[in-house]
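The structure under discussion appears below in the form of structure tokens.
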Amino acid sequence: MSSTVQHYINGAVVSGGERQADIMNPALGAASGQVALADVATVHQAIDAAEKAAAGWRDVPPAKRATILFEYKRLLEENFDAIAGLITREHGKTFSDAQGELRRGIEVVDYACGAPELLKGEFSKNAGPGIDTWVERQPLGVVAGITPFNFPAMVPMWMFPMAIACGNAFILKPSEKDPSAAIELARLFSHAGLPDGVFNVVNGDVEAVSELLTEPRVQAVSFVGSTPVAEHIYRTASAAGKRVQALGGAKNCAVVMPDADLDNAASALVGAAYGSCGERCMAISVAICVGDETADALVGKISAQLDGLSIGNGMDDGVAMGPLITAEHLERVRGYVAKGVEEGADLVIDGRDTVPAGLDGYFLGGCLFDRVQPGMTIFEEEIFGPVLCVMRAANLDQAMTWINDHAYGNGTCVFTRDGESARRFTDRIQVGMVGVNVPLPVPVASHSFGGWKRSLFGDLYAYGPDAVRFYTRTKTISQRWPDSRTREAANFDFPSNG
Ligand code: NAD
């Protein structure tokens, strides 16, 4: 029997909106239920609840907020596998991969538990004669987050634990493709003792998002998704006077130097390119090999690993790669593969032919292109599927130029045993997150996550210390207690210590 995933507002599941969309199980190619799509009235209901809750939550001591976060962490651990199962059934990624994303999300909750330390202000005694100055961080009020399908738990958790730890009320608009994990995350937070209305989930599509972007009571918007939508969100919400961080798409290149450990590099690349069916914003989708010898060897090693790649339902044991998210996306990725062939790249492994029989979901085998050139569509655009492009560069400088000239700048990595190459690469590459023999350099929760160029619109990154900056505004207070026994004359000069 199919059920409808609703909204979570003011501590309860509520219905709202006439429209619905199907939630698909991408491994089965069949609908598993529906999701309600919020109308403007439902969004207003969430904003009303959040506004009311924010007024009280701002005054709850950070140490008390932390005790609720500690309990929330305990409940997340207790329900860990149930949430991971929801992710796999709606997203399609393998169960162990879903556990991995949830683990990284919980690490943000761990970091947010440090709220009393994170929110400490700054103080200067005798900033002027008898004047003490301090800087305090105040919450913004009602803030919103809009998240993509590919990490239905982790990306929301990049946002709401930090926003809430900082004293705000949060409204999450998750992806309509896999909304169930978000509702569960909200329900558990209530059970941990979070006051009603501090965390709300509004399911929906463009109608709900448009209202969140322009409603005056929403003070800030965090967005993660594709670049065209990120740019639209950034422009619209900042024109409406809001603080905005909008993280977009990516084309992450790894450089493989001739001195690299090629067996380990090949394994690292297979995991980073085909894990989660390539639907990660930090997936490596291009391997730039320095020298033909490096390229020939690497293509051989990757091909051998792809040969035995186990594709199937992510809930089944031993499966390495699940399906793509929708039938439309499968067609889009297949279209990119055809385009690569048409534009002259060498399709070494054609995943369109390697899907095991009997799978009705949106499956595509791992694809491997060689001799990809700058200017080809499969290099310039984000494919977001299990397609790895190998390019052949003459030297490190040429590889770095291709990366630096690219429109995206989310993640990158160099495989090498040479410290000098690694140092030049990390210093000069125009990308926000860089690995040295680390294929997916996703920062841990105590650092912040963000790309450069068209991979991020805004100034502050997600989670970590930047999240404290994003979800608070500073107020600087100067205080003096004059001695009432001393009479003071008016001073017409600008006050200074001179
Ligand atoms: P998407 O941009 O289609 O959707 C993201 C969110 O925006 C969803 O909640 C969706 O409902 C909403 N949305 C979609 N179109 C909209 C519109 N026209 N106006 C307002 N809202 C709209 O992205 P997706 O397909 O869900 O996710 C995949 C993309 O996200 C990829 O490009 C990937 O690289 C990117 N991503 C980036 C990061 C990062 O940290 N930079 C992380 C994860 C995913």
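Identifiers in the structure tokens: chain A, B, ... in order shown; residue index from 1 per chain; ligand index from 1 in order shown.
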Exercise. Among range 28-254 of chain A, which ones does DSSP place in strand (DSSP E), written as a PyMOL selection string?
Worked result: chain A and resi 30-37+122-128+131-139+142-146+169-173+199-201+218-224+243-247+252-254
For this session: Could the residues that lie within 9 Å of ligand 1, counting only C-alpha atoms and all ligand atoms, be listed as a ChimeraX atom specification?
Result: /A:145-151,155,173-177,203-210,213,223-230,232-233,246-251,279-283,325,329,382-384,410,449-451,455-456,462
Problem set entry | Selection: 8 Å around Pro195 in chain A, only C-alpha atoms, excl. self and same-chain fewer than 2 positions, as an MDAnalysis selection string | chainID A and resid 11 53 57 190 193 197:198
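Using only C-alpha atoms, the smallest distance between any of A:Asn200, A:Thr476, A:Thr94, A:Thr294 and Gly318 in chain A comes from A:Thr94.
Proximity to Val218 in chain A was assessed for A:Gly365, A:Pro179, A:Gly141, A:Gly308 counting only C-alpha atoms; the smallest distance is recorded for A:Gly141.
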Exercise. CA of Ile302 in chain A to CA of Gly435 in chain A: how many Å, to one decimal?
Worked result: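 Calculated distance between CA of Ile302 in chain A and CA of Gly435 in chain A is 19.9 Å.
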For this session: as a PyMOL selection string, list the residues of range 213-387 of chain A assigned to alpha helix (DSSP H) by DSSP on the backbone atoms of this structure.
Result: chain A and resi 213-214+227-239+262-274+292-307+327-342+377-380
Exercise. So which residues touch range 122-125 of chain A within 10 Å, counting only C-alpha atoms, skipping near sequence neighbours fewer than 2 positions away, as a PyMOL selection string?
Worked result: chain A and resi 119-120+127-137+476-479
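Coordinates place CA of Val60 in chain A at a distance of 29.9 Å from CA of Asn126 in chain A.
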List the neighbours of Asp261 in chain A out to 8 Å using only C-alpha atoms; skip same-chain residues closer than 5 positions along the sequence, and give me the result as a PDB file with N, CA and C atoms, in the first residue's frame.
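Result file follows (selection.pdb):
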```
ATOM      1  N   PHE A 415      47.369  12.495  -7.513  1.00  0.00           N
ATOM      2  CA  PHE A 415      48.004  11.253  -7.067  1.00  0.00           C
ATOM      3  C   PHE A 415      49.479  11.343  -7.427  1.00  0.00           C
ATOM      4  N   THR A 416      50.323  11.311  -6.430  1.00  0.00           N
ATOM      5  CA  THR A 416      51.761  11.436  -6.661  1.00  0.00           C
ATOM      6  C   THR A 416      52.520  10.953  -5.437  1.00  0.00           C
ATOM      7  N   ARG A 417      53.835  10.672  -5.642  1.00  0.00           N
ATOM      8  CA  ARG A 417      54.711  10.415  -4.489  1.00  0.00           C
ATOM      9  C   ARG A 417      55.691  11.556  -4.331  1.00  0.00           C
TER      10      ARG A 417
END
```
Exercise. Got a sec: who's within 7 Å of range 20-24 of chain A, counting only C-alpha atoms, leaving out chain neighbours fewer than 2 positions off, as a list of chain:residue names?
Worked result: A:Glu18, A:Pro26, A:Gly29, A:Ala30, A:Ala31, A:Ser32, A:Gly33, A:Gln34, A:Val35, A:Ala36, A:Leu37, A:Glu90, A:Lys177, A:Asp178
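In terms of minimum interatomic distance to Ala46 in chain A, A:Arg217 ranks closest within A:Arg371, A:Arg217, A:Arg103, A:Lys453, counting only C-alpha atoms.
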Problem set entry | Of the listed residues A:Asn497, A:Asn313, A:Ser484, A:Ser446, that which approaches Val108 in chain A most closely, counting only C-alpha atoms |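 Closest to Val108 in chain A, using only C-alpha atoms: A:Ser446.
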Range 397-399 of chain A: which residues within 10 Å, counting only C-alpha atoms, same-chain residues fewer than 6 positions away excluded, as a PDB file with C-alpha atoms, in the first residue's frame?
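Result went into out_29.pdb, see below:
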```
ATOM      1  CA  CYS A 253      39.362  16.206 -11.928  1.00  0.00           C
ATOM      2  CA  ALA A 254      42.097  14.008 -10.464  1.00  0.00           C
ATOM      3  CA  VAL A 255      45.617  14.386 -11.789  1.00  0.00           C
ATOM      4  CA  VAL A 256      47.642  11.165 -11.939  1.00  0.00           C
ATOM      5  CA  MET A 257      51.390  11.758 -12.033  1.00  0.00           C
ATOM      6  CA  ALA A 287      41.315  11.536 -14.517  1.00  0.00           C
ATOM      7  CA  ILE A 288      44.024  13.617 -16.161  1.00  0.00           C
ATOM      8  CA  CYS A 289      47.038  11.384 -16.660  1.00  0.00           C
ATOM      9  CA  VAL A 290      50.438  12.949 -17.128  1.00  0.00           C
ATOM     10  CA  MET A 391      42.541  12.828 -20.469  1.00  0.00           C
ATOM     11  CA  SER A 421      54.412  18.426  -7.401  1.00  0.00           C
ATOM     12  CA  ARG A 424      52.676  23.253  -6.409  1.00  0.00           C
ATOM     13  CA  PHE A 425      49.310  21.656  -7.127  1.00  0.00           C
TER      14      PHE A 425
END
```
For this session: Enter the distance from CA of Leu309 in chain A to CA of Ala84 in chain A, in Å, rounded to one decimal.
Result: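 These atoms are spaced 22.3 Å apart.
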